[in-house]
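Enquirer: The following file, start28.txt, comprises compact mmCIF, C-alpha atoms:
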```txt
# COMPACT_ATOMS: atom_id res chain seq x y z
CA MET A 1 -26.09 3.99 40.62
CA ASP A 2 -24.22 0.72 41.08
CA VAL A 3 -20.90 0.39 39.30
CA SER A 4 -20.20 -3.16 38.24
CA PRO A 5 -16.84 -4.49 39.43
CA ALA A 6 -16.62 -6.61 36.26
CA GLY A 7 -16.58 -3.46 34.13
CA ILE A 8 -13.86 -1.90 36.25
CA TYR A 9 -11.78 -5.10 36.09
CA LEU A 10 -12.13 -5.22 32.30
CA ILE A 11 -11.02 -1.60 31.97
CA LEU A 12 -8.04 -2.16 34.29
CA THR A 13 -7.10 -5.39 32.50
CA ALA A 14 -6.96 -3.48 29.20
CA VAL A 15 -3.82 -1.72 30.41
CA ILE A 16 -1.70 -4.85 29.92
CA PRO A 17 -2.21 -5.36 26.15
CA ILE A 18 -2.03 -1.61 25.50
CA PHE A 19 1.32 -1.38 27.31
CA TYR A 20 2.52 -4.40 25.34
CA ALA A 21 1.46 -2.67 22.12
CA GLU A 22 3.42 0.44 23.06
CA TRP A 23 6.42 -1.70 24.02
CA THR A 24 6.26 -3.45 20.63
CA GLY A 25 5.95 -0.11 18.89
CA TRP A 26 4.25 0.85 15.65
CA PRO A 27 6.73 0.87 12.75
CA GLY A 28 5.83 4.37 11.56
CA ASP A 29 9.46 5.23 10.83
CA ILE A 30 9.69 2.36 8.33
CA ILE A 31 6.50 3.48 6.56
CA LYS A 32 7.97 6.95 6.04
CA LYS A 33 11.25 5.68 4.52
CA VAL A 34 11.47 5.93 0.75
CA GLU A 35 13.17 2.59 0.09
CA PRO A 36 13.74 0.57 3.27
CA PRO A 37 15.61 -2.75 3.04
CA ILE A 38 13.52 -5.90 2.71
CA TYR A 39 14.59 -7.29 6.10
CA GLU A 40 13.39 -4.08 7.79
CA LEU A 41 10.04 -4.32 6.01
CA GLU A 42 9.56 -7.96 7.04
CA GLU A 43 10.38 -7.12 10.65
CA ALA A 44 8.06 -4.11 10.53
CA ILE A 45 5.17 -6.22 9.21
CA GLU A 46 5.66 -8.67 12.08
CA ARG A 47 5.83 -5.82 14.59
CA SER A 48 2.73 -4.17 13.13
CA PHE A 49 0.77 -7.42 13.52
CA LYS A 50 1.73 -7.72 17.20
CA TYR A 51 0.89 -4.05 17.74
CA MET A 52 -2.44 -4.34 15.94
CA VAL A 53 -3.56 -7.46 17.81
CA SER A 54 -2.58 -6.23 21.26
CA MET A 55 -4.01 -2.73 20.73
CA THR A 56 -7.27 -4.19 19.39
CA PHE A 57 -7.54 -6.56 22.36
CA GLY A 58 -6.91 -3.71 24.81
CA LEU A 59 -9.49 -1.47 23.15
CA ILE A 60 -12.04 -4.30 23.11
CA LEU A 61 -11.55 -4.82 26.85
CA ILE A 62 -12.01 -1.09 27.48
CA SER A 63 -15.12 -1.04 25.28
CA MET A 64 -16.64 -4.03 27.07
CA GLY A 65 -15.89 -2.53 30.46
CA MET A 66 -17.30 0.85 29.50
CA THR A 67 -20.42 -0.77 28.07
CA ILE A 68 -21.00 -2.51 31.40
CA VAL A 69 -20.31 0.62 33.48
CA VAL A 70 -21.89 3.37 31.32
CA PRO A 71 -23.52 1.94 28.18
CA TRP A 72 -23.60 5.05 25.98
CA ILE A 73 -19.89 5.75 26.61
CA GLY A 74 -19.21 2.09 25.86
CA TYR A 75 -20.90 2.44 22.48
CA VAL A 76 -18.67 5.41 21.69
CA TRP A 77 -15.63 3.31 22.66
CA TRP A 78 -16.77 0.56 20.30
CA ALA A 79 -16.85 3.11 17.47
CA ILE A 80 -13.38 4.37 18.43
CA THR A 81 -12.11 0.78 18.48
CA GLY A 82 -13.45 0.18 14.98
CA ILE A 83 -11.83 3.34 13.62
CA VAL A 84 -8.47 2.56 15.23
CA VAL A 85 -8.49 -1.03 13.93
CA LEU A 86 -9.23 0.19 10.39
CA TRP A 87 -6.43 2.76 10.64
CA LEU A 88 -3.94 0.14 11.89
CA ARG A 89 -4.95 -2.26 9.15
CA HIS A 90 -4.42 0.44 6.54
CA GLY A 91 -0.89 1.06 7.87
CA ARG A 92 -0.15 -2.66 7.77
CA GLU A 93 -1.34 -2.84 4.16
CA GLN A 94 1.01 0.03 3.30
CA LEU A 95 3.89 -1.99 4.72
CA LYS A 96 2.89 -5.05 2.70
CA LEU A 97 2.72 -2.97 -0.48
CA LYS A 98 6.18 -1.52 0.18
CA LEU A 99 7.54 -5.04 0.71
CA GLN A 100 5.96 -6.23 -2.52
CA GLU A 101 7.40 -3.23 -4.38
CA ALA A 102 10.88 -3.87 -2.95
CA ARG A 103 10.75 -7.53 -3.95
CA MET A 104 9.63 -6.60 -7.47
CA LYS A 105 12.53 -4.15 -7.83
CA GLU A 106 14.92 -6.84 -6.62
CA ALA A 107 13.51 -9.34 -9.11
CA VAL A 108 13.76 -6.86 -11.98
CA ALA A 109 17.36 -6.03 -11.05
CA LYS A 110 18.23 -9.74 -10.94
CA GLY A 111 16.53 -10.27 -14.32
CA VAL A 112 18.50 -7.40 -15.85
CA GLU A 113 21.71 -8.85 -14.43
CA ILE A 114 20.97 -12.27 -15.92
CA GLY A 115 20.06 -10.64 -19.23
CA MET A 116 23.35 -8.72 -19.30
CA LYS A 117 25.30 -11.94 -18.68
CA LYS A 118 23.44 -13.71 -21.50
CA ALA A 119 24.09 -10.77 -23.85
CA LYS A 120 27.82 -10.85 -23.07
CA GLU A 121 27.96 -14.58 -23.82
CA VAL A 122 26.46 -14.12 -27.27
```
I'd like the structure from this file rewritten - as structure tokens, please.
Expert:
Amino acid sequence: MDVSPAGIYLILTAVIPIFYAEWTGWPGDIIKKVEPPIYELEEAIERSFKYMVSMTFGLILISMGMTIVVPWIGYVWWAITGIVVLWLRHGREQLKLKLQEARMKEAVAKGVEIGMKKAKEV
């Protein structure tokens, strides 16, 4: 059985984006906070995008390499890649919802403050 060097190179190249993803870090601690500040949520959304893109790219390279080397294992890696991407996207959507909720609370608080000032003037 001949092992294709291209497959091995793809698998080895996948290490770079996966290390970058781990260096960026998934903002799981922000997701677990009850009411994080808006600036933390914005930074976490940016970090989650970098993590998601680099992890997806690394998993795609592994999947392509595995498909070239051993096709049936490559197909399993493609399925794993799809599941991981969906999971990461779900986490990112949670962050966006938390940011939207925080902005709504801030807007309501500001509206109440303006309403109280108007009531005092009358």
Enquirer: Any idea what's packed within 8 Å of Met64 in chain A, counting all atoms listed in the file, ignoring anything in its chain fewer than 5 positions away? Could you give it as a CSV table (one decimal) with C-alpha atoms, in the coordinates of the input?
Expert:
```csv
chain,number,residue,atom,x,y,z
A,7,GLY,CA,-16.6,-3.5,34.1
A,10,LEU,CA,-12.1,-5.2,32.3
A,11,ILE,CA,-11.0,-1.6,32.0
A,74,GLY,CA,-19.2,2.1,25.9
```
Enquirer: Using Å and a single decimal, report how far CA of Trp23 in chain A sits from CA of Lys96 in chain A.
Expert: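 That distance, rounded to one decimal, is 21.9 Å.
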Enquirer: Between A:Gln94, A:Pro37, A:Ile62, A:Ala102, which one has atoms that come closest to Val76 in chain A, using only C-alpha atoms?
Expert: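 Closest to Val76 in chain A, using only C-alpha atoms: A:Ile62.
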Enquirer: With all atoms listed in the file as the atoms that count, which of A:Pro17, A:Gly58, A:Pro5, A:Leu41 lies nearest to Glu93 in chain A?
Expert: A:Leu41
Enquirer: Taking only C-alpha atoms into account, which of A:Ala107, A:Val34, A:Thr81, A:Ser4 comes nearest Ile60 in chain A?
Expert: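 Of A:Ala107, A:Val34, A:Thr81, A:Ser4, the one nearest Ile60 in chain A, counting only C-alpha atoms, is A:Thr81.
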Enquirer: Would you compute the distance between CA of Ile114 in chain A and CA of Glu101 in chain A? Give it in Å to one decimal.
Expert: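 CA of Glu101 in chain A lies 20.0 Å from CA of Ile114 in chain A.
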Enquirer: Which distance in Å separates CA of Ile18 in chain A and CA of Met55 in chain A, to one decimal?
Expert: 5.3 Å
Enquirer: Write out as a ChimeraX atom specification each polymer residue whose atoms come within 12 Å of Glu35 in chain A, counting only C-alpha atoms; drop sequence neighbours fewer than 6 positions from it.
Expert: /A:29,41,95,97-103,105-106
Enquirer: Write out as JSON, numbers by chain each polymer residue whose atoms come within 12 Å of Ala21 in chain A, counting all atoms listed in the file; drop sequence neighbours fewer than 2 positions from it.
Expert: {"A": [14, 15, 16, 17, 18, 19, 23, 24, 25, 26, 27, 47, 48, 49, 50, 51, 52, 53, 54, 55, 56, 57, 58, 59, 88]}
Enquirer: From the options A:Ile31, A:Tyr9, A:Glu22, A:Lys117, which residue's atoms come nearest to Leu61 in chain A, counting all atoms listed in the file?
Expert: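 Of A:Ile31, A:Tyr9, A:Glu22, A:Lys117, the one nearest Leu61 in chain A is A:Tyr9, counting all atoms listed in the file.
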Enquirer: Calculated over all atoms listed in the file, which of the candidates A:Gly28, A:Met66, A:Glu43, A:Gly82 has the smallest distance to Val3 in chain A?
Expert: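 That would be A:Met66, the residue with the smallest distance to Val3 in chain A.
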Enquirer: Around all of range 85-95 of chain A's listed atoms, make the axis-aligned box with 3 Å on each side and tell me centre and edge lengths in Å to one decimal, as AutoDock Vina command-line options.
Expert:
```
--center_x -2.7 --center_y 0.0 --center_z 8.6 --size_x 19.1 --size_y 11.6 --size_z 16.6
```
Enquirer: Of the candidates A:Val122, A:Trp87, A:Pro71, A:Ser63, which one gets nearest to Leu12 in chain A if we count all atoms listed in the file?
Expert: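 Of all the options, A:Ser63 lies closest to Leu12 in chain A.
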